[in-house]
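File shown: protein-v9.cif. Contents: mmCIF, N, CA and C atoms.
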```
data_coords
#
loop_
_atom_site.label_atom_id
_atom_site.label_comp_id
_atom_site.auth_asym_id
_atom_site.auth_seq_id
_atom_site.Cartn_x
_atom_site.Cartn_y
_atom_site.Cartn_z
N MET P 166 -31.20 0.04 7.41
CA MET P 166 -32.06 0.78 6.52
C MET P 166 -33.12 -0.17 5.98
N THR P 167 -34.36 0.20 6.12
CA THR P 167 -35.44 -0.70 5.72
C THR P 167 -35.78 -0.59 4.24
N ASP P 168 -35.81 0.61 3.70
CA ASP P 168 -36.14 0.78 2.30
C ASP P 168 -34.88 1.08 1.52
N ALA P 169 -34.58 0.23 0.54
CA ALA P 169 -33.42 0.47 -0.31
C ALA P 169 -33.73 1.64 -1.23
N PRO P 170 -32.75 2.50 -1.50
CA PRO P 170 -32.98 3.59 -2.44
C PRO P 170 -33.26 3.04 -3.83
N HIS P 171 -33.94 3.83 -4.63
CA HIS P 171 -34.31 3.38 -5.96
C HIS P 171 -33.59 4.20 -7.02
N ASP P 172 -32.96 3.53 -7.96
CA ASP P 172 -32.36 4.16 -9.13
C ASP P 172 -33.33 3.95 -10.28
N PRO P 173 -33.81 5.02 -10.91
CA PRO P 173 -34.79 4.86 -11.98
C PRO P 173 -34.21 4.31 -13.28
N LEU P 174 -32.89 4.22 -13.38
CA LEU P 174 -32.27 3.68 -14.58
C LEU P 174 -31.87 2.22 -14.35
N PRO P 175 -32.03 1.37 -15.36
CA PRO P 175 -31.64 -0.03 -15.18
C PRO P 175 -30.12 -0.16 -15.07
N ALA P 176 -29.68 -1.15 -14.32
CA ALA P 176 -28.24 -1.40 -14.14
C ALA P 176 -27.99 -2.90 -14.21
N PRO P 177 -28.08 -3.49 -15.42
CA PRO P 177 -27.88 -4.94 -15.54
C PRO P 177 -26.53 -5.41 -15.02
N PHE P 178 -25.52 -4.53 -15.07
CA PHE P 178 -24.21 -4.88 -14.55
C PHE P 178 -24.29 -5.19 -13.06
N HIS P 179 -25.12 -4.45 -12.33
CA HIS P 179 -25.30 -4.71 -10.89
C HIS P 179 -25.87 -6.10 -10.66
N ASP P 180 -26.82 -6.49 -11.49
CA ASP P 180 -27.41 -7.83 -11.36
C ASP P 180 -26.35 -8.90 -11.62
N LEU P 181 -25.51 -8.67 -12.61
CA LEU P 181 -24.46 -9.64 -12.95
C LEU P 181 -23.52 -9.89 -11.77
N TYR P 182 -23.13 -8.82 -11.08
CA TYR P 182 -22.20 -8.94 -9.97
C TYR P 182 -22.89 -9.03 -8.61
N GLY P 183 -24.19 -8.82 -8.57
CA GLY P 183 -24.92 -8.87 -7.30
C GLY P 183 -24.75 -7.63 -6.46
N PHE P 184 -24.51 -6.47 -7.10
CA PHE P 184 -24.37 -5.22 -6.36
C PHE P 184 -25.76 -4.74 -5.93
N ARG P 185 -25.82 -4.21 -4.70
CA ARG P 185 -27.06 -3.66 -4.17
C ARG P 185 -26.80 -2.27 -3.62
N LEU P 186 -27.65 -1.34 -3.99
CA LEU P 186 -27.56 0.03 -3.51
C LEU P 186 -28.25 0.11 -2.15
N LEU P 187 -27.48 0.42 -1.11
CA LEU P 187 -28.02 0.46 0.25
C LEU P 187 -28.41 1.85 0.71
N GLU P 188 -27.61 2.83 0.36
CA GLU P 188 -27.88 4.21 0.77
C GLU P 188 -27.44 5.12 -0.37
N TRP P 189 -28.26 6.14 -0.63
CA TRP P 189 -27.95 7.06 -1.72
C TRP P 189 -28.54 8.41 -1.38
N ARG P 190 -27.68 9.40 -1.32
CA ARG P 190 -28.10 10.78 -1.07
C ARG P 190 -27.06 11.68 -1.73
N ASP P 191 -27.33 12.97 -1.73
CA ASP P 191 -26.42 13.88 -2.40
C ASP P 191 -25.00 13.74 -1.84
N GLY P 192 -24.08 13.41 -2.70
CA GLY P 192 -22.67 13.32 -2.32
C GLY P 192 -22.26 12.04 -1.63
N PHE P 193 -23.14 11.05 -1.55
CA PHE P 193 -22.80 9.83 -0.82
C PHE P 193 -23.58 8.63 -1.35
N ALA P 194 -22.92 7.47 -1.39
CA ALA P 194 -23.59 6.23 -1.77
C ALA P 194 -22.91 5.05 -1.08
N THR P 195 -23.73 4.08 -0.68
CA THR P 195 -23.22 2.83 -0.13
C THR P 195 -23.75 1.69 -0.98
N LEU P 196 -22.86 0.85 -1.47
CA LEU P 196 -23.23 -0.35 -2.21
C LEU P 196 -22.64 -1.55 -1.51
N GLU P 197 -23.28 -2.70 -1.68
CA GLU P 197 -22.74 -3.94 -1.13
C GLU P 197 -22.77 -5.02 -2.19
N ALA P 198 -21.96 -6.01 -1.97
CA ALA P 198 -21.93 -7.20 -2.82
C ALA P 198 -21.53 -8.37 -1.93
N THR P 199 -21.92 -9.55 -2.33
CA THR P 199 -21.49 -10.76 -1.64
C THR P 199 -20.54 -11.50 -2.56
N ALA P 200 -19.28 -11.49 -2.19
CA ALA P 200 -18.27 -12.20 -2.97
C ALA P 200 -18.32 -13.69 -2.61
N THR P 201 -18.30 -14.52 -3.62
CA THR P 201 -18.33 -15.97 -3.42
C THR P 201 -17.07 -16.58 -4.02
N GLU P 202 -16.95 -17.88 -3.89
CA GLU P 202 -15.81 -18.56 -4.50
C GLU P 202 -15.80 -18.41 -6.01
N ALA P 203 -16.95 -18.13 -6.60
CA ALA P 203 -17.01 -17.90 -8.05
C ALA P 203 -16.23 -16.65 -8.46
N HIS P 204 -15.93 -15.78 -7.50
CA HIS P 204 -15.19 -14.55 -7.78
C HIS P 204 -13.68 -14.70 -7.53
N TRP P 205 -13.24 -15.88 -7.15
CA TRP P 205 -11.82 -16.09 -6.85
C TRP P 205 -10.95 -15.94 -8.08
N ASN P 206 -9.72 -15.50 -7.83
CA ASN P 206 -8.70 -15.53 -8.87
C ASN P 206 -7.83 -16.78 -8.67
N ARG P 207 -6.74 -16.89 -9.37
CA ARG P 207 -5.89 -18.08 -9.29
C ARG P 207 -5.18 -18.20 -7.95
N ALA P 208 -5.11 -17.10 -7.19
CA ALA P 208 -4.47 -17.12 -5.88
C ALA P 208 -5.42 -17.53 -4.76
N GLY P 209 -6.69 -17.75 -5.10
CA GLY P 209 -7.65 -18.19 -4.09
C GLY P 209 -8.25 -17.06 -3.26
N VAL P 210 -8.17 -15.83 -3.76
CA VAL P 210 -8.84 -14.69 -3.13
C VAL P 210 -9.73 -14.03 -4.17
N VAL P 211 -10.61 -13.16 -3.72
CA VAL P 211 -11.53 -12.49 -4.64
C VAL P 211 -10.74 -11.64 -5.63
N HIS P 212 -11.07 -11.79 -6.89
CA HIS P 212 -10.38 -11.06 -7.96
C HIS P 212 -10.52 -9.55 -7.75
N GLY P 213 -9.44 -8.84 -7.93
CA GLY P 213 -9.45 -7.39 -7.74
C GLY P 213 -10.42 -6.68 -8.67
N GLY P 214 -10.73 -7.27 -9.81
CA GLY P 214 -11.67 -6.65 -10.73
C GLY P 214 -13.07 -6.51 -10.15
N VAL P 215 -13.45 -7.45 -9.30
CA VAL P 215 -14.76 -7.37 -8.64
C VAL P 215 -14.77 -6.18 -7.70
N VAL P 216 -13.71 -6.03 -6.93
CA VAL P 216 -13.59 -4.92 -5.99
C VAL P 216 -13.50 -3.60 -6.75
N LEU P 217 -12.74 -3.57 -7.83
CA LEU P 217 -12.61 -2.37 -8.64
C LEU P 217 -13.96 -1.94 -9.21
N ALA P 218 -14.74 -2.89 -9.69
CA ALA P 218 -16.07 -2.57 -10.22
C ALA P 218 -16.96 -2.00 -9.12
N LEU P 219 -16.88 -2.54 -7.92
CA LEU P 219 -17.66 -2.03 -6.80
C LEU P 219 -17.24 -0.60 -6.46
N ILE P 220 -15.94 -0.34 -6.48
CA ILE P 220 -15.43 1.01 -6.24
C ILE P 220 -15.95 1.97 -7.31
N ASP P 221 -15.87 1.57 -8.56
CA ASP P 221 -16.33 2.41 -9.66
C ASP P 221 -17.80 2.77 -9.51
N GLN P 222 -18.63 1.81 -9.17
CA GLN P 222 -20.06 2.07 -9.03
C GLN P 222 -20.37 2.95 -7.83
N ALA P 223 -19.73 2.71 -6.69
CA ALA P 223 -19.97 3.55 -5.50
C ALA P 223 -19.51 4.98 -5.76
N ALA P 224 -18.40 5.13 -6.46
CA ALA P 224 -17.88 6.46 -6.78
C ALA P 224 -18.85 7.20 -7.69
N ALA P 225 -19.32 6.55 -8.72
CA ALA P 225 -20.24 7.20 -9.66
C ALA P 225 -21.54 7.59 -8.97
N TYR P 226 -22.11 6.68 -8.22
CA TYR P 226 -23.37 6.98 -7.53
C TYR P 226 -23.23 8.18 -6.60
N ALA P 227 -22.06 8.36 -5.98
CA ALA P 227 -21.86 9.49 -5.07
C ALA P 227 -22.07 10.82 -5.77
N GLY P 228 -21.83 10.87 -7.07
CA GLY P 228 -22.00 12.12 -7.82
C GLY P 228 -23.24 12.18 -8.67
N LEU P 229 -24.07 11.14 -8.64
CA LEU P 229 -25.23 11.08 -9.55
C LEU P 229 -26.59 11.10 -8.87
N PHE P 230 -26.62 11.38 -7.57
CA PHE P 230 -27.92 11.42 -6.89
C PHE P 230 -28.80 12.50 -7.51
N CYS P 231 -30.09 12.19 -7.67
CA CYS P 231 -31.08 13.13 -8.20
C CYS P 231 -32.30 13.10 -7.30
N PRO P 232 -32.66 14.23 -6.69
CA PRO P 232 -33.79 14.26 -5.76
C PRO P 232 -35.16 14.36 -6.43
N VAL P 233 -35.20 14.53 -7.75
CA VAL P 233 -36.46 14.74 -8.45
C VAL P 233 -37.03 13.40 -8.92
N PRO P 234 -38.20 13.00 -8.41
CA PRO P 234 -38.82 11.74 -8.85
C PRO P 234 -39.05 11.74 -10.36
N GLY P 235 -38.70 10.62 -11.00
CA GLY P 235 -38.87 10.50 -12.45
C GLY P 235 -37.71 11.04 -13.26
N ASN P 236 -36.78 11.72 -12.59
CA ASN P 236 -35.58 12.22 -13.26
C ASN P 236 -34.39 11.39 -12.84
N ALA P 237 -33.30 11.53 -13.57
CA ALA P 237 -32.07 10.81 -13.25
C ALA P 237 -30.88 11.61 -13.78
N ARG P 238 -29.71 11.19 -13.36
CA ARG P 238 -28.46 11.77 -13.84
C ARG P 238 -27.58 10.63 -14.32
N ARG P 239 -26.81 10.90 -15.35
CA ARG P 239 -25.88 9.90 -15.87
C ARG P 239 -24.48 10.50 -15.93
N GLY P 240 -23.49 9.63 -15.88
CA GLY P 240 -22.12 10.09 -15.94
C GLY P 240 -21.22 9.03 -16.52
N MET P 241 -19.95 9.35 -16.58
CA MET P 241 -18.96 8.37 -17.03
C MET P 241 -17.68 8.54 -16.22
N THR P 242 -16.98 7.45 -16.04
CA THR P 242 -15.72 7.48 -15.31
C THR P 242 -14.60 7.87 -16.26
N LEU P 243 -13.83 8.88 -15.89
CA LEU P 243 -12.69 9.31 -16.69
C LEU P 243 -11.39 8.68 -16.19
N SER P 244 -11.29 8.56 -14.88
CA SER P 244 -10.07 8.01 -14.27
C SER P 244 -10.42 7.38 -12.95
N LEU P 245 -9.77 6.25 -12.66
CA LEU P 245 -10.02 5.56 -11.40
C LEU P 245 -8.70 5.01 -10.88
N ALA P 246 -8.35 5.38 -9.65
CA ALA P 246 -7.15 4.86 -9.00
C ALA P 246 -7.59 3.99 -7.84
N THR P 247 -6.94 2.85 -7.69
CA THR P 247 -7.33 1.91 -6.65
C THR P 247 -6.11 1.41 -5.90
N GLN P 248 -6.29 1.26 -4.59
CA GLN P 248 -5.25 0.67 -3.75
C GLN P 248 -5.88 -0.50 -2.99
N PHE P 249 -5.30 -1.67 -3.14
CA PHE P 249 -5.76 -2.84 -2.40
C PHE P 249 -4.94 -2.94 -1.13
N THR P 250 -5.63 -3.05 0.01
CA THR P 250 -4.94 -2.99 1.29
C THR P 250 -4.94 -4.31 2.06
N ALA P 251 -5.76 -5.27 1.60
CA ALA P 251 -5.82 -6.58 2.26
C ALA P 251 -6.43 -7.58 1.28
N PRO P 252 -6.09 -8.86 1.43
CA PRO P 252 -6.73 -9.85 0.56
C PRO P 252 -8.24 -9.89 0.83
N VAL P 253 -9.00 -10.10 -0.21
CA VAL P 253 -10.46 -10.12 -0.08
C VAL P 253 -10.93 -11.56 -0.13
N ARG P 254 -11.54 -12.00 0.94
CA ARG P 254 -12.08 -13.36 1.05
C ARG P 254 -13.56 -13.33 0.68
N PRO P 255 -14.14 -14.47 0.35
CA PRO P 255 -15.58 -14.50 0.08
C PRO P 255 -16.37 -13.99 1.29
N GLY P 256 -17.45 -13.29 1.00
CA GLY P 256 -18.31 -12.71 2.04
C GLY P 256 -18.81 -11.35 1.61
N ARG P 257 -19.41 -10.67 2.53
CA ARG P 257 -20.03 -9.37 2.25
C ARG P 257 -18.96 -8.29 2.12
N LEU P 258 -19.10 -7.47 1.08
CA LEU P 258 -18.25 -6.31 0.87
C LEU P 258 -19.14 -5.08 0.84
N VAL P 259 -18.69 -4.01 1.48
CA VAL P 259 -19.45 -2.76 1.51
C VAL P 259 -18.54 -1.63 1.03
N ALA P 260 -19.01 -0.90 0.03
CA ALA P 260 -18.26 0.24 -0.51
C ALA P 260 -19.01 1.52 -0.19
N GLU P 261 -18.31 2.47 0.40
CA GLU P 261 -18.88 3.79 0.67
C GLU P 261 -18.17 4.80 -0.20
N GLY P 262 -18.95 5.47 -1.05
CA GLY P 262 -18.40 6.48 -1.94
C GLY P 262 -18.86 7.86 -1.51
N GLU P 263 -17.95 8.83 -1.60
CA GLU P 263 -18.33 10.19 -1.27
C GLU P 263 -17.77 11.16 -2.30
N LEU P 264 -18.54 12.19 -2.53
CA LEU P 264 -18.14 13.26 -3.44
C LEU P 264 -17.13 14.14 -2.72
N VAL P 265 -15.99 14.36 -3.34
CA VAL P 265 -14.95 15.18 -2.74
C VAL P 265 -15.10 16.63 -3.21
N SER P 266 -15.30 16.81 -4.51
CA SER P 266 -15.54 18.14 -5.06
C SER P 266 -16.19 18.00 -6.43
N ARG P 267 -16.76 19.11 -6.89
CA ARG P 267 -17.42 19.10 -8.20
C ARG P 267 -17.11 20.39 -8.93
N GLY P 268 -17.08 20.27 -10.25
CA GLY P 268 -16.92 21.44 -11.11
C GLY P 268 -18.14 21.54 -12.01
N GLY P 269 -18.00 22.24 -13.12
CA GLY P 269 -19.12 22.42 -14.03
C GLY P 269 -19.53 21.14 -14.74
N THR P 270 -18.57 20.32 -15.14
CA THR P 270 -18.89 19.09 -15.86
C THR P 270 -18.25 17.85 -15.24
N THR P 271 -17.39 18.03 -14.25
CA THR P 271 -16.70 16.88 -13.65
C THR P 271 -16.92 16.86 -12.14
N PHE P 272 -16.74 15.65 -11.60
CA PHE P 272 -16.79 15.51 -10.14
C PHE P 272 -15.74 14.49 -9.71
N PHE P 273 -15.31 14.63 -8.47
CA PHE P 273 -14.22 13.83 -7.94
C PHE P 273 -14.71 13.10 -6.69
N THR P 274 -14.30 11.84 -6.56
CA THR P 274 -14.81 10.99 -5.50
C THR P 274 -13.71 10.22 -4.80
N ARG P 275 -14.07 9.69 -3.63
CA ARG P 275 -13.20 8.72 -2.95
C ARG P 275 -14.10 7.62 -2.38
N VAL P 276 -13.54 6.44 -2.30
CA VAL P 276 -14.31 5.26 -1.89
C VAL P 276 -13.47 4.41 -0.95
N SER P 277 -14.13 3.80 0.05
CA SER P 277 -13.48 2.79 0.87
C SER P 277 -14.32 1.52 0.80
N VAL P 278 -13.65 0.39 0.78
CA VAL P 278 -14.33 -0.92 0.74
C VAL P 278 -13.89 -1.72 1.95
N ARG P 279 -14.87 -2.23 2.68
CA ARG P 279 -14.59 -3.05 3.86
C ARG P 279 -15.25 -4.41 3.71
N ASP P 280 -14.62 -5.41 4.32
CA ASP P 280 -15.22 -6.74 4.32
C ASP P 280 -16.18 -6.87 5.50
N GLU P 281 -16.77 -8.06 5.66
CA GLU P 281 -17.79 -8.22 6.71
C GLU P 281 -17.23 -8.12 8.12
N ALA P 282 -15.91 -8.25 8.27
CA ALA P 282 -15.28 -8.07 9.59
C ALA P 282 -14.94 -6.60 9.85
N GLY P 283 -15.17 -5.73 8.84
CA GLY P 283 -14.85 -4.32 8.99
C GLY P 283 -13.46 -3.95 8.56
N THR P 284 -12.71 -4.92 8.01
CA THR P 284 -11.34 -4.67 7.56
C THR P 284 -11.37 -3.87 6.26
N LEU P 285 -10.58 -2.80 6.21
CA LEU P 285 -10.44 -2.03 4.99
C LEU P 285 -9.66 -2.88 3.98
N VAL P 286 -10.28 -3.21 2.86
CA VAL P 286 -9.63 -4.07 1.86
C VAL P 286 -9.20 -3.30 0.62
N ALA P 287 -9.79 -2.11 0.40
CA ALA P 287 -9.39 -1.31 -0.76
C ALA P 287 -9.90 0.11 -0.62
N THR P 288 -9.22 1.02 -1.30
CA THR P 288 -9.67 2.40 -1.41
C THR P 288 -9.57 2.80 -2.88
N GLY P 289 -10.27 3.85 -3.22
CA GLY P 289 -10.21 4.32 -4.59
C GLY P 289 -10.51 5.81 -4.68
N GLN P 290 -10.06 6.40 -5.77
CA GLN P 290 -10.35 7.79 -6.08
C GLN P 290 -10.75 7.85 -7.54
N GLY P 291 -11.79 8.62 -7.83
CA GLY P 291 -12.28 8.69 -9.19
C GLY P 291 -12.47 10.10 -9.69
N THR P 292 -12.32 10.25 -10.99
CA THR P 292 -12.66 11.47 -11.70
C THR P 292 -13.75 11.07 -12.69
N HIS P 293 -14.85 11.80 -12.68
CA HIS P 293 -16.02 11.45 -13.48
C HIS P 293 -16.54 12.68 -14.21
N ARG P 294 -17.28 12.44 -15.28
CA ARG P 294 -17.91 13.53 -16.02
C ARG P 294 -19.40 13.26 -16.10
N TRP P 295 -20.19 14.31 -15.85
CA TRP P 295 -21.62 14.18 -16.04
C TRP P 295 -21.92 14.18 -17.53
N ARG P 296 -22.82 13.33 -17.95
CA ARG P 296 -23.30 13.37 -19.32
C ARG P 296 -24.21 14.58 -19.48
N SER P 297 -24.38 15.04 -20.73
CA SER P 297 -25.20 16.22 -21.01
C SER P 297 -26.57 16.09 -20.36
N GLY P 298 -26.97 17.14 -19.67
CA GLY P 298 -28.25 17.16 -18.98
C GLY P 298 -28.17 16.70 -17.54
N SER P 299 -27.03 16.19 -17.14
CA SER P 299 -26.88 15.66 -15.78
C SER P 299 -26.04 16.54 -14.87
N GLU P 300 -25.59 17.67 -15.39
CA GLU P 300 -24.73 18.55 -14.60
C GLU P 300 -25.47 19.15 -13.41
N LYS P 301 -26.76 19.39 -13.56
CA LYS P 301 -27.55 19.99 -12.48
C LYS P 301 -28.18 18.91 -11.62
N ALA P 302 -28.35 19.20 -10.35
CA ALA P 302 -28.87 18.22 -9.40
C ALA P 302 -30.22 17.67 -9.79
N GLU P 303 -31.06 18.46 -10.47
CA GLU P 303 -32.38 17.97 -10.85
C GLU P 303 -32.35 16.99 -12.02
N GLY P 304 -31.20 16.81 -12.64
CA GLY P 304 -31.08 15.84 -13.74
C GLY P 304 -32.04 16.14 -14.86
N MET P 305 -32.53 15.06 -15.47
CA MET P 305 -33.50 15.21 -16.55
C MET P 305 -34.47 14.05 -16.52
N PRO P 306 -35.65 14.23 -17.13
CA PRO P 306 -36.64 13.13 -17.11
C PRO P 306 -36.07 11.88 -17.77
N VAL P 307 -36.29 10.75 -17.12
CA VAL P 307 -35.79 9.47 -17.63
C VAL P 307 -36.31 9.24 -19.04
N LYS P 308 -37.56 9.59 -19.31
CA LYS P 308 -38.17 9.36 -20.63
C LYS P 308 -37.47 10.14 -21.74
N GLU P 309 -36.69 11.16 -21.40
CA GLU P 309 -35.96 11.94 -22.40
C GLU P 309 -34.53 11.46 -22.59
N MET P 310 -34.14 10.40 -21.90
CA MET P 310 -32.75 9.94 -21.94
C MET P 310 -32.43 9.03 -23.11
N GLY P 311 -33.37 8.76 -23.96
CA GLY P 311 -33.09 7.98 -25.14
C GLY P 311 -33.19 6.49 -24.94
N SER P 312 -32.57 5.75 -25.82
CA SER P 312 -32.74 4.30 -25.88
C SER P 312 -32.19 3.55 -24.68
N ARG P 313 -31.32 4.15 -23.91
CA ARG P 313 -30.76 3.45 -22.74
C ARG P 313 -31.63 3.56 -21.52
N ALA P 314 -32.67 4.35 -21.58
CA ALA P 314 -33.59 4.48 -20.46
C ALA P 314 -34.68 3.41 -20.59
N PRO P 315 -35.32 3.05 -19.48
CA PRO P 315 -36.36 2.03 -19.54
C PRO P 315 -37.58 2.51 -20.32
#
```
What does the file become when written as structure tokens?
Amino acid sequence: MTDAPHDPLPAPFHDLYGFRLLEWRDGFATLEATATEAHWNRAGVVHGGVVLALIDQAAAYAGLFCPVPGNARRGMTLSLATQFTAPVRPGRLVAEGELVSRGGTTFFTRVSVRDEAGTLVATGQGTHRWRSGSEKAEGMPVKEMGSRAP
């Protein structure tokens, strides 16, 4: 993919962990991160918290796509379940999140995380709630989102 998708809302947390949004469309999101030795835990593998954060972000993005330029959607994670399936070594990690179903105010997701060799290293399932004004696909103008908007 040549052009990375654009999120109109700032995400300083992504900068902190080096998360990059690769693909984003209705019901689907792909994020990547490069895990380094700085992310190791005491066992010498990437800390599960890094992978969990990547799962959380891919899951949320899967339910927050907004096709209207200048608008955005916001949400919050209510519940997140994670299964680690292999040790995570430093290198590229890719998380694919997909929307499983949606209700009036909540949406449900599943995520898979693979390392650069294509090995499945973790899966996750999330329950999320749209913040007020974000329930509809058109979202709301970023300028009306208050102090947390740019």
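Atom C of Gln290 of chain P lies 4.5 Å from atom CA of Leu245 of chain P.
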| request: Just the residues within 7 Å of segment 178-191 of chain P, please, counting only N, CA and C atoms, with nothing from its chain fewer than 2 positions along; format it as a PyMOL selection string. | output: chain P and resi 166+168-170+175-176+193-199+226-228+230-231+264
At a cut-off of 6.5 Å, using only N, CA and C atoms, what residues contact Val211 of chain P? Leave out same-chain residues fewer than 3 positions from it and give the result as a compact mmCIF listing (two decimals) with N, CA and C atoms, in the frame of the given file.
```txt
# COMPACT_ATOMS: atom_id res chain seq x y z
N HIS P 204 -15.93 -15.78 -7.50
CA HIS P 204 -15.19 -14.55 -7.78
C HIS P 204 -13.68 -14.70 -7.53
N TRP P 205 -13.24 -15.88 -7.15
CA TRP P 205 -11.82 -16.09 -6.85
C TRP P 205 -10.95 -15.94 -8.08
N ASN P 206 -9.72 -15.50 -7.83
CA ASN P 206 -8.70 -15.53 -8.87
C ASN P 206 -7.83 -16.78 -8.67
N GLY P 214 -10.73 -7.27 -9.81
CA GLY P 214 -11.67 -6.65 -10.73
C GLY P 214 -13.07 -6.51 -10.15
N VAL P 215 -13.45 -7.45 -9.30
CA VAL P 215 -14.76 -7.37 -8.64
C VAL P 215 -14.77 -6.18 -7.70
N VAL P 216 -13.71 -6.03 -6.93
CA VAL P 216 -13.59 -4.92 -5.99
C VAL P 216 -13.50 -3.60 -6.75
N PRO P 252 -6.09 -8.86 1.43
CA PRO P 252 -6.73 -9.85 0.56
C PRO P 252 -8.24 -9.89 0.83
N VAL P 253 -9.00 -10.10 -0.21
CA VAL P 253 -10.46 -10.12 -0.08
C VAL P 253 -10.93 -11.56 -0.13
N ARG P 254 -11.54 -12.00 0.94
CA ARG P 254 -12.08 -13.36 1.05
C ARG P 254 -13.56 -13.33 0.68
N PRO P 255 -14.14 -14.47 0.35
CA PRO P 255 -15.58 -14.50 0.08
C PRO P 255 -16.37 -13.99 1.29
```
Evaluate the PyMOL selection byres ((chain P and resi 285-289) around 8) and record the selected residues as an mmCIF file with N, CA and C atoms, in the frame of the given file, following the chain and residue labels used in the document.
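Final file, selection.cif:
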```cif
data_model
loop_
_atom_site.group_PDB
_atom_site.id
_atom_site.type_symbol
_atom_site.label_atom_id
_atom_site.label_comp_id
_atom_site.auth_asym_id
_atom_site.auth_seq_id
_atom_site.Cartn_x
_atom_site.Cartn_y
_atom_site.Cartn_z
ATOM 1 N N VAL P 216 -13.710 -6.030 -6.930
ATOM 2 C CA VAL P 216 -13.590 -4.920 -5.990
ATOM 3 C C VAL P 216 -13.500 -3.600 -6.750
ATOM 4 N N ILE P 220 -15.940 -0.340 -6.480
ATOM 5 C CA ILE P 220 -15.430 1.010 -6.240
ATOM 6 C C ILE P 220 -15.950 1.970 -7.310
ATOM 7 N N ASP P 221 -15.870 1.570 -8.560
ATOM 8 C CA ASP P 221 -16.330 2.410 -9.660
ATOM 9 C C ASP P 221 -17.800 2.770 -9.510
ATOM 10 N N ALA P 224 -18.400 5.130 -6.460
ATOM 11 C CA ALA P 224 -17.880 6.460 -6.780
ATOM 12 C C ALA P 224 -18.850 7.200 -7.690
ATOM 13 N N LEU P 245 -9.770 6.250 -12.660
ATOM 14 C CA LEU P 245 -10.020 5.560 -11.400
ATOM 15 C C LEU P 245 -8.700 5.010 -10.880
ATOM 16 N N ALA P 246 -8.350 5.380 -9.650
ATOM 17 C CA ALA P 246 -7.150 4.860 -9.000
ATOM 18 C C ALA P 246 -7.590 3.990 -7.840
ATOM 19 N N THR P 247 -6.940 2.850 -7.690
ATOM 20 C CA THR P 247 -7.330 1.910 -6.650
ATOM 21 C C THR P 247 -6.110 1.410 -5.900
ATOM 22 N N GLN P 248 -6.290 1.260 -4.590
ATOM 23 C CA GLN P 248 -5.250 0.670 -3.750
ATOM 24 C C GLN P 248 -5.880 -0.500 -2.990
ATOM 25 N N PHE P 249 -5.300 -1.670 -3.140
ATOM 26 C CA PHE P 249 -5.760 -2.840 -2.400
ATOM 27 C C PHE P 249 -4.940 -2.940 -1.130
ATOM 28 N N THR P 250 -5.630 -3.050 0.010
ATOM 29 C CA THR P 250 -4.940 -2.990 1.290
ATOM 30 C C THR P 250 -4.940 -4.310 2.060
ATOM 31 N N ALA P 251 -5.760 -5.270 1.600
ATOM 32 C CA ALA P 251 -5.820 -6.580 2.260
ATOM 33 C C ALA P 251 -6.430 -7.580 1.280
ATOM 34 N N PRO P 252 -6.090 -8.860 1.430
ATOM 35 C CA PRO P 252 -6.730 -9.850 0.560
ATOM 36 C C PRO P 252 -8.240 -9.890 0.830
ATOM 37 N N VAL P 253 -9.000 -10.100 -0.210
ATOM 38 C CA VAL P 253 -10.460 -10.120 -0.080
ATOM 39 C C VAL P 253 -10.930 -11.560 -0.130
ATOM 40 N N THR P 274 -14.300 11.840 -6.560
ATOM 41 C CA THR P 274 -14.810 10.990 -5.500
ATOM 42 C C THR P 274 -13.710 10.220 -4.800
ATOM 43 N N ARG P 275 -14.070 9.690 -3.630
ATOM 44 C CA ARG P 275 -13.200 8.720 -2.950
ATOM 45 C C ARG P 275 -14.100 7.620 -2.380
ATOM 46 N N VAL P 276 -13.540 6.440 -2.300
ATOM 47 C CA VAL P 276 -14.310 5.260 -1.890
ATOM 48 C C VAL P 276 -13.470 4.410 -0.950
ATOM 49 N N SER P 277 -14.130 3.800 0.050
ATOM 50 C CA SER P 277 -13.480 2.790 0.870
ATOM 51 C C SER P 277 -14.320 1.520 0.800
ATOM 52 N N VAL P 278 -13.650 0.390 0.780
ATOM 53 C CA VAL P 278 -14.330 -0.920 0.740
ATOM 54 C C VAL P 278 -13.890 -1.720 1.950
ATOM 55 N N ARG P 279 -14.870 -2.230 2.680
ATOM 56 C CA ARG P 279 -14.590 -3.050 3.860
ATOM 57 C C ARG P 279 -15.250 -4.410 3.710
ATOM 58 N N ASP P 280 -14.620 -5.410 4.320
ATOM 59 C CA ASP P 280 -15.220 -6.740 4.320
ATOM 60 C C ASP P 280 -16.180 -6.870 5.500
ATOM 61 N N ALA P 282 -15.910 -8.250 8.270
ATOM 62 C CA ALA P 282 -15.280 -8.070 9.590
ATOM 63 C C ALA P 282 -14.940 -6.600 9.850
ATOM 64 N N GLY P 283 -15.170 -5.730 8.840
ATOM 65 C CA GLY P 283 -14.850 -4.320 8.990
ATOM 66 C C GLY P 283 -13.460 -3.950 8.560
ATOM 67 N N THR P 284 -12.710 -4.920 8.010
ATOM 68 C CA THR P 284 -11.340 -4.670 7.560
ATOM 69 C C THR P 284 -11.370 -3.870 6.260
ATOM 70 N N GLN P 290 -10.060 6.400 -5.770
ATOM 71 C CA GLN P 290 -10.350 7.790 -6.080
ATOM 72 C C GLN P 290 -10.750 7.850 -7.540
ATOM 73 N N GLY P 291 -11.790 8.620 -7.830
ATOM 74 C CA GLY P 291 -12.280 8.690 -9.190
ATOM 75 C C GLY P 291 -12.470 10.100 -9.690
ATOM 76 N N THR P 292 -12.320 10.250 -10.990
ATOM 77 C CA THR P 292 -12.660 11.470 -11.700
ATOM 78 C C THR P 292 -13.750 11.070 -12.690
#
```
| task | To verify the selection step, state as an MDAnalysis selection string which residues the PyMOL selection byres (((chain P and resi 305 and name CA) around 12) and name CA) yields on this input. | result | chainID P and resid 173:174 229:239 295:304 306:311 314
| said: According to DSSP computed on the backbone, where in segment 232-312 of chain P is there strand (DSSP E)? Give the residues as a count of residues only. | reply: 47
How would segment 273-279 of chain P look written as an mmCIF file, in the first residue's frame with C-alpha atoms?
```
data_model
loop_
_atom_site.group_PDB
_atom_site.id
_atom_site.type_symbol
_atom_site.label_atom_id
_atom_site.label_comp_id
_atom_site.auth_asym_id
_atom_site.auth_seq_id
_atom_site.Cartn_x
_atom_site.Cartn_y
_atom_site.Cartn_z
ATOM 1 C CA PHE P 273 -17.326 -6.503 18.847
ATOM 2 C CA THR P 274 -13.977 -7.293 17.250
ATOM 3 C CA ARG P 275 -11.339 -9.953 16.757
ATOM 4 C CA VAL P 276 -7.652 -9.455 16.056
ATOM 5 C CA SER P 277 -4.713 -11.605 14.976
ATOM 6 C CA VAL P 278 -1.072 -10.591 15.406
ATOM 7 C CA ARG P 279 1.707 -12.101 13.324
#
```
